[in-house]
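Trainee: A single structure is presented below for examination.
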Amino acid sequence: MNKPATSKDSWKQMMEAVQAFHDKHQFRENGGEEMNYRIALMAEELGEISACVTKGKSREALAEEVADLLILLLGTAIAQDFDLNQAFWDKMEKLDQRQSRIVNGRVRVSEFRDMK
Ligand SMILES: [Mg+2]
């Protein structure tokens with residue numbers, strides 16, 4: 001049986017929560033949806049994720065920083081007015097067609113253009 005529409009794992013609910021956050025702080029009117037600024041914020045959060053790994057912080061701390069980045073990613077879809085849910089599934093379909101290779105001991109899924 002399907003969960004109710006208010007489920008916390010619903011993409012729609014997540015997007016509405018981020019939209020409400022943008023509206024509450026008037027992001028659009030006050031530069032919070034400007035892309036250069038958003039890229040800097042996303043880089044900042046990626047650095048915080050990195051610090052969790054390199055400093056051996058807890059899984060909970062890592063989860064919080066990944067959530068920070070996810071909220072910024074959802075907000076970027078709002079700022080730039082694209083359907084991130086559709087983009088996700090379109091990209092997963094492409095990735096599903098690709099081959100993987102072991103590169104320097106690690107798996108890599110790519111088109112491997114201009115490579116033997
Ligand atoms: Mg953070």
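By order in the structure tokens, chains are A, B, ...; within a chain, residues start at 1; ligands start at 1, following the order shown.
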As a quick test: using only C-alpha atoms and all ligand atoms, which residues lie no more than 7 Å away from ligand 1? Give them as a compact mmCIF listing (two decimals) with N, CA and C atoms, in the first residue's frame.

Mentor:
# COMPACT_ATOMS: atom_id res chain seq x y z
N GLU A 45 29.83 23.22 1.48
CA GLU A 45 29.26 22.00 2.07
C GLU A 45 30.05 20.76 1.66
N GLU A 48 32.84 20.52 3.90
CA GLU A 48 32.43 20.01 5.22
C GLU A 48 32.25 18.49 5.19
N GLU A 64 24.52 14.88 8.30
CA GLU A 64 24.05 16.26 8.36
C GLU A 64 24.65 17.10 7.24
N GLU A 65 25.94 16.89 6.98
CA GLU A 65 26.59 17.68 5.92
C GLU A 65 26.10 17.27 4.54
N ASP A 68 22.89 18.97 4.12
CA ASP A 68 23.10 20.38 3.74
C ASP A 68 23.29 20.52 2.24

Trainee: Contacts of region 78-80 of chain A at 8 Å or less, counting only C-alpha atoms, minus same-chain residues fewer than 5 places along, as a PDB file with N, CA and C atoms, in the first residue's frame?

Mentor:
ATOM      1  N   GLN A  19      11.302  24.927  -0.864  1.00  0.00           N
ATOM      2  CA  GLN A  19      10.659  26.146  -1.382  1.00  0.00           C
ATOM      3  C   GLN A  19      10.185  27.034  -0.225  1.00  0.00           C
ATOM      4  N   ARG A  28      14.993  34.475  -3.239  1.00  0.00           N
ATOM      5  CA  ARG A  28      14.949  34.997  -4.619  1.00  0.00           C
ATOM      6  C   ARG A  28      15.184  36.503  -4.647  1.00  0.00           C
ATOM      7  N   GLU A  33      19.339  32.956  -4.543  1.00  0.00           N
ATOM      8  CA  GLU A  33      19.177  32.044  -5.680  1.00  0.00           C
ATOM      9  C   GLU A  33      20.144  32.397  -6.811  1.00  0.00           C
ATOM     10  N   GLU A  34      21.091  33.282  -6.523  1.00  0.00           N
ATOM     11  CA  GLU A  34      22.092  33.663  -7.534  1.00  0.00           C
ATOM     12  C   GLU A  34      23.118  32.538  -7.637  1.00  0.00           C
ATOM     13  N   MET A  35      23.427  32.118  -8.858  1.00  0.00           N
ATOM     14  CA  MET A  35      24.170  30.868  -9.050  1.00  0.00           C
ATOM     15  C   MET A  35      25.619  30.902  -8.566  1.00  0.00           C
TER      16      MET A  35
END

Trainee: Could you find all residues in chain A that DSSP calls alpha helix (DSSP H) from the backbone, and write them as a tab-separated table (two decimals) with N, CA and C atoms, in the first residue's frame?

Mentor:
chain	number	residue	atom	x	y	z
A	11	TRP	N	9.50	13.09	-2.77
A	11	TRP	CA	10.25	14.17	-3.44
A	11	TRP	C	9.47	15.47	-3.39
A	12	LYS	N	8.16	15.38	-3.65
A	12	LYS	CA	7.31	16.58	-3.67
A	12	LYS	C	7.35	17.30	-2.32
A	13	GLN	N	7.25	16.54	-1.25
A	13	GLN	CA	7.29	17.14	0.09
A	13	GLN	C	8.64	17.79	0.36
A	14	MET	N	9.71	17.13	-0.06
A	14	MET	CA	11.05	17.69	0.13
A	14	MET	C	11.20	19.01	-0.63
A	15	MET	N	10.74	19.02	-1.88
A	15	MET	CA	10.84	20.25	-2.68
A	15	MET	C	9.99	21.37	-2.07
A	16	GLU	N	8.82	21.01	-1.56
A	16	GLU	CA	7.96	22.02	-0.93
A	16	GLU	C	8.61	22.58	0.33
A	17	ALA	N	9.30	21.73	1.09
A	17	ALA	CA	9.98	22.20	2.30
A	17	ALA	C	11.12	23.17	1.94
A	18	VAL	N	11.86	22.84	0.89
A	18	VAL	CA	12.96	23.73	0.48
A	18	VAL	C	12.40	25.04	-0.09
A	19	GLN	N	11.30	24.93	-0.86
A	19	GLN	CA	10.66	26.15	-1.38
A	19	GLN	C	10.19	27.03	-0.22
A	20	ALA	N	9.62	26.43	0.80
A	20	ALA	CA	9.15	27.19	1.97
A	20	ALA	C	10.33	27.87	2.68
A	21	PHE	N	11.46	27.17	2.74
A	21	PHE	CA	12.68	27.75	3.33
A	21	PHE	C	13.14	28.96	2.52
A	22	HIS	N	13.14	28.82	1.18
A	22	HIS	CA	13.52	29.94	0.31
A	22	HIS	C	12.56	31.12	0.51
A	23	ASP	N	11.26	30.80	0.58
A	23	ASP	CA	10.25	31.86	0.72
A	23	ASP	C	10.39	32.57	2.07
A	24	LYS	N	10.58	31.77	3.13
A	24	LYS	CA	10.69	32.33	4.48
A	24	LYS	C	11.80	33.37	4.58
A	35	MET	N	23.43	32.12	-8.86
A	35	MET	CA	24.17	30.87	-9.05
A	35	MET	C	25.62	30.90	-8.57
A	36	ASN	N	26.33	32.00	-8.76
A	36	ASN	CA	27.72	32.04	-8.28
A	36	ASN	C	27.76	31.85	-6.76
A	37	TYR	N	26.83	32.50	-6.07
A	37	TYR	CA	26.72	32.35	-4.62
A	37	TYR	C	26.38	30.92	-4.23
A	38	ARG	N	25.44	30.33	-4.97
A	38	ARG	CA	25.02	28.95	-4.65
A	38	ARG	C	26.16	27.97	-4.87
A	39	ILE	N	26.94	28.17	-5.93
A	39	ILE	CA	28.08	27.29	-6.19
A	39	ILE	C	29.08	27.38	-5.03
A	40	ALA	N	29.32	28.59	-4.55
A	40	ALA	CA	30.22	28.75	-3.40
A	40	ALA	C	29.68	28.02	-2.17
A	41	LEU	N	28.38	28.12	-1.95
A	41	LEU	CA	27.77	27.43	-0.80
A	41	LEU	C	27.87	25.91	-0.96
A	42	MET	N	27.66	25.42	-2.17
A	42	MET	CA	27.76	23.97	-2.41
A	42	MET	C	29.20	23.49	-2.21
A	43	ALA	N	30.16	24.29	-2.67
A	43	ALA	CA	31.57	23.93	-2.47
A	43	ALA	C	31.89	23.91	-0.97
A	44	GLU	N	31.34	24.87	-0.24
A	44	GLU	CA	31.53	24.92	1.21
A	44	GLU	C	31.02	23.64	1.88
A	45	GLU	N	29.83	23.22	1.48
A	45	GLU	CA	29.26	22.00	2.07
A	45	GLU	C	30.05	20.76	1.66
A	46	LEU	N	30.53	20.74	0.41
A	46	LEU	CA	31.36	19.61	-0.02
A	46	LEU	C	32.63	19.55	0.82
A	47	GLY	N	33.18	20.71	1.14
A	47	GLY	CA	34.35	20.76	2.02
A	47	GLY	C	34.03	20.23	3.41
A	48	GLU	N	32.84	20.52	3.90
A	48	GLU	CA	32.43	20.01	5.22
A	48	GLU	C	32.25	18.49	5.19
A	49	ILE	N	31.75	17.98	4.07
A	49	ILE	CA	31.66	16.52	3.90
A	49	ILE	C	33.07	15.92	3.91
A	50	SER	N	33.96	16.57	3.18
A	50	SER	CA	35.36	16.11	3.13
A	50	SER	C	35.97	16.09	4.52
A	51	ALA	N	35.74	17.13	5.28
A	51	ALA	CA	36.30	17.21	6.64
A	51	ALA	C	35.76	16.08	7.52
A	52	CYS	N	34.50	15.72	7.33
A	52	CYS	CA	33.94	14.59	8.09
A	52	CYS	C	34.74	13.32	7.83
A	53	VAL	N	35.12	13.14	6.57
A	53	VAL	CA	35.87	11.93	6.20
A	53	VAL	C	37.31	12.03	6.69
A	54	THR	N	37.96	13.15	6.38
A	54	THR	CA	39.39	13.24	6.69
A	54	THR	C	39.64	13.39	8.19
A	59	ARG	N	29.20	9.24	11.71
A	59	ARG	CA	28.26	9.06	10.59
A	59	ARG	C	27.13	10.08	10.67
A	60	GLU	N	26.70	10.44	11.88
A	60	GLU	CA	25.64	11.44	12.04
A	60	GLU	C	26.09	12.80	11.51
A	61	ALA	N	27.34	13.16	11.82
A	61	ALA	CA	27.88	14.43	11.33
A	61	ALA	C	27.96	14.42	9.81
A	62	LEU	N	28.41	13.30	9.26
A	62	LEU	CA	28.47	13.16	7.80
A	62	LEU	C	27.08	13.29	7.18
A	63	ALA	N	26.11	12.62	7.78
A	63	ALA	CA	24.73	12.67	7.25
A	63	ALA	C	24.21	14.10	7.25
A	64	GLU	N	24.52	14.88	8.30
A	64	GLU	CA	24.05	16.26	8.36
A	64	GLU	C	24.65	17.10	7.24
A	65	GLU	N	25.94	16.89	6.98
A	65	GLU	CA	26.59	17.68	5.92
A	65	GLU	C	26.10	17.27	4.54
A	66	VAL	N	25.85	15.98	4.34
A	66	VAL	CA	25.28	15.53	3.06
A	66	VAL	C	23.88	16.11	2.89
A	67	ALA	N	23.12	16.18	3.98
A	67	ALA	CA	21.78	16.79	3.92
A	67	ALA	C	21.89	18.27	3.55
A	68	ASP	N	22.89	18.97	4.12
A	68	ASP	CA	23.10	20.38	3.74
A	68	ASP	C	23.29	20.52	2.24
A	69	LEU	N	24.12	19.63	1.68
A	69	LEU	CA	24.38	19.70	0.23
A	69	LEU	C	23.13	19.35	-0.56
A	70	LEU	N	22.38	18.34	-0.11
A	70	LEU	CA	21.15	17.95	-0.81
A	70	LEU	C	20.15	19.10	-0.82
A	71	ILE	N	20.01	19.79	0.30
A	71	ILE	CA	19.08	20.93	0.38
A	71	ILE	C	19.50	22.02	-0.61
A	72	LEU	N	20.82	22.24	-0.71
A	72	LEU	CA	21.31	23.22	-1.69
A	72	LEU	C	21.03	22.76	-3.12
A	73	LEU	N	21.18	21.46	-3.38
A	73	LEU	CA	20.92	20.94	-4.72
A	73	LEU	C	19.44	21.09	-5.08
A	74	LEU	N	18.56	20.76	-4.14
A	74	LEU	CA	17.12	20.93	-4.40
A	74	LEU	C	16.81	22.41	-4.63
A	75	GLY	N	17.43	23.25	-3.82
A	75	GLY	CA	17.22	24.69	-3.96
A	75	GLY	C	17.75	25.25	-5.28
A	76	THR	N	18.77	24.61	-5.81
A	76	THR	CA	19.30	25.04	-7.10
A	76	THR	C	18.31	24.73	-8.22
A	77	ALA	N	17.60	23.62	-8.09
A	77	ALA	CA	16.54	23.30	-9.06
A	77	ALA	C	15.43	24.36	-8.98
A	78	ILE	N	15.14	24.83	-7.77
A	78	ILE	CA	14.15	25.91	-7.59
A	78	ILE	C	14.68	27.20	-8.21
A	79	ALA	N	15.94	27.52	-7.88
A	79	ALA	CA	16.54	28.78	-8.35
A	79	ALA	C	16.59	28.84	-9.87
A	80	GLN	N	16.90	27.70	-10.50
A	80	GLN	CA	17.07	27.67	-11.96
A	80	GLN	C	15.85	27.10	-12.69
A	84	LEU	N	14.37	18.58	-11.20
A	84	LEU	CA	15.51	17.75	-10.78
A	84	LEU	C	15.10	16.28	-10.66
A	85	ASN	N	13.87	16.03	-10.28
A	85	ASN	CA	13.39	14.65	-10.21
A	85	ASN	C	13.48	14.00	-11.60
A	86	GLN	N	12.98	14.71	-12.62
A	86	GLN	CA	13.04	14.17	-13.99
A	86	GLN	C	14.49	14.04	-14.45
A	87	ALA	N	15.32	15.05	-14.14
A	87	ALA	CA	16.74	15.00	-14.53
A	87	ALA	C	17.44	13.81	-13.88
A	88	PHE	N	17.08	13.53	-12.63
A	88	PHE	CA	17.67	12.38	-11.93
A	88	PHE	C	17.35	11.09	-12.67
A	89	TRP	N	16.08	10.88	-13.01
A	89	TRP	CA	15.68	9.62	-13.66
A	89	TRP	C	16.22	9.53	-15.07
A	90	ASP	N	16.28	10.67	-15.77
A	90	ASP	CA	16.87	10.67	-17.12
A	90	ASP	C	18.34	10.26	-17.04
A	91	LYS	N	19.04	10.80	-16.05
A	91	LYS	CA	20.46	10.48	-15.91
A	91	LYS	C	20.68	9.04	-15.47
A	92	MET	N	19.83	8.55	-14.56
A	92	MET	CA	19.97	7.15	-14.14
A	92	MET	C	19.80	6.20	-15.33
A	93	GLU	N	18.88	6.55	-16.23
A	93	GLU	CA	18.68	5.73	-17.42
A	93	GLU	C	19.94	5.70	-18.27
A	94	LYS	N	20.60	6.88	-18.42
A	94	LYS	CA	21.87	6.92	-19.17
A	94	LYS	C	22.95	6.11	-18.46
A	95	LEU	N	23.06	6.28	-17.15
A	95	LEU	CA	24.09	5.56	-16.39
A	95	LEU	C	23.90	4.05	-16.49
A	96	ASP	N	22.63	3.64	-16.53
A	96	ASP	CA	22.34	2.21	-16.62
A	96	ASP	C	22.86	1.59	-17.91
A	97	GLN	N	23.07	2.43	-18.94
A	97	GLN	CA	23.57	1.92	-20.23
A	97	GLN	C	25.09	1.84	-20.27

Trainee: Could you please determine the separation between CA of Lys55 (chain A) and CA of Val109 (chain A) in Å, to one decimal place?

Mentor: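 One can read the CA of Lys55 (chain A) to CA of Val109 (chain A) distance as 27.9 Å.
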
Trainee: Please compute the CA of Arg98 (chain A)-CA of Asp83 (chain A) distance, one decimal, in Å.

Mentor: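 Taking CA of Arg98 (chain A) and CA of Asp83 (chain A), their separation equals 23.2 Å.
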
Trainee: Per DSSP on the backbone, what are the strand (DSSP E or B) residues of chain A, as a list in words?

Mentor: Gln99, Ser100, Arg101, Ile102, Val103, Arg106, Val107, Arg108, Val109 and Ser110 of chain A

Trainee: Export, as a compact mmCIF listing (two decimals), in the first residue's frame, the selected residues with C-alpha atoms.

Mentor:
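The file below, again-v6.txt, is the result:
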# COMPACT_ATOMS: atom_id res chain seq x y z
CA GLN A 99 30.01 0.14 -18.74
CA SER A 100 32.21 0.12 -15.67
CA ARG A 101 35.98 -0.32 -15.48
CA ILE A 102 38.44 -0.60 -12.68
CA VAL A 103 40.68 2.47 -12.87
CA ARG A 106 38.52 1.71 -8.13
CA VAL A 107 35.37 1.16 -10.11
CA ARG A 108 34.45 3.89 -12.55
CA VAL A 109 31.25 4.16 -14.62
CA SER A 110 31.78 6.47 -17.57
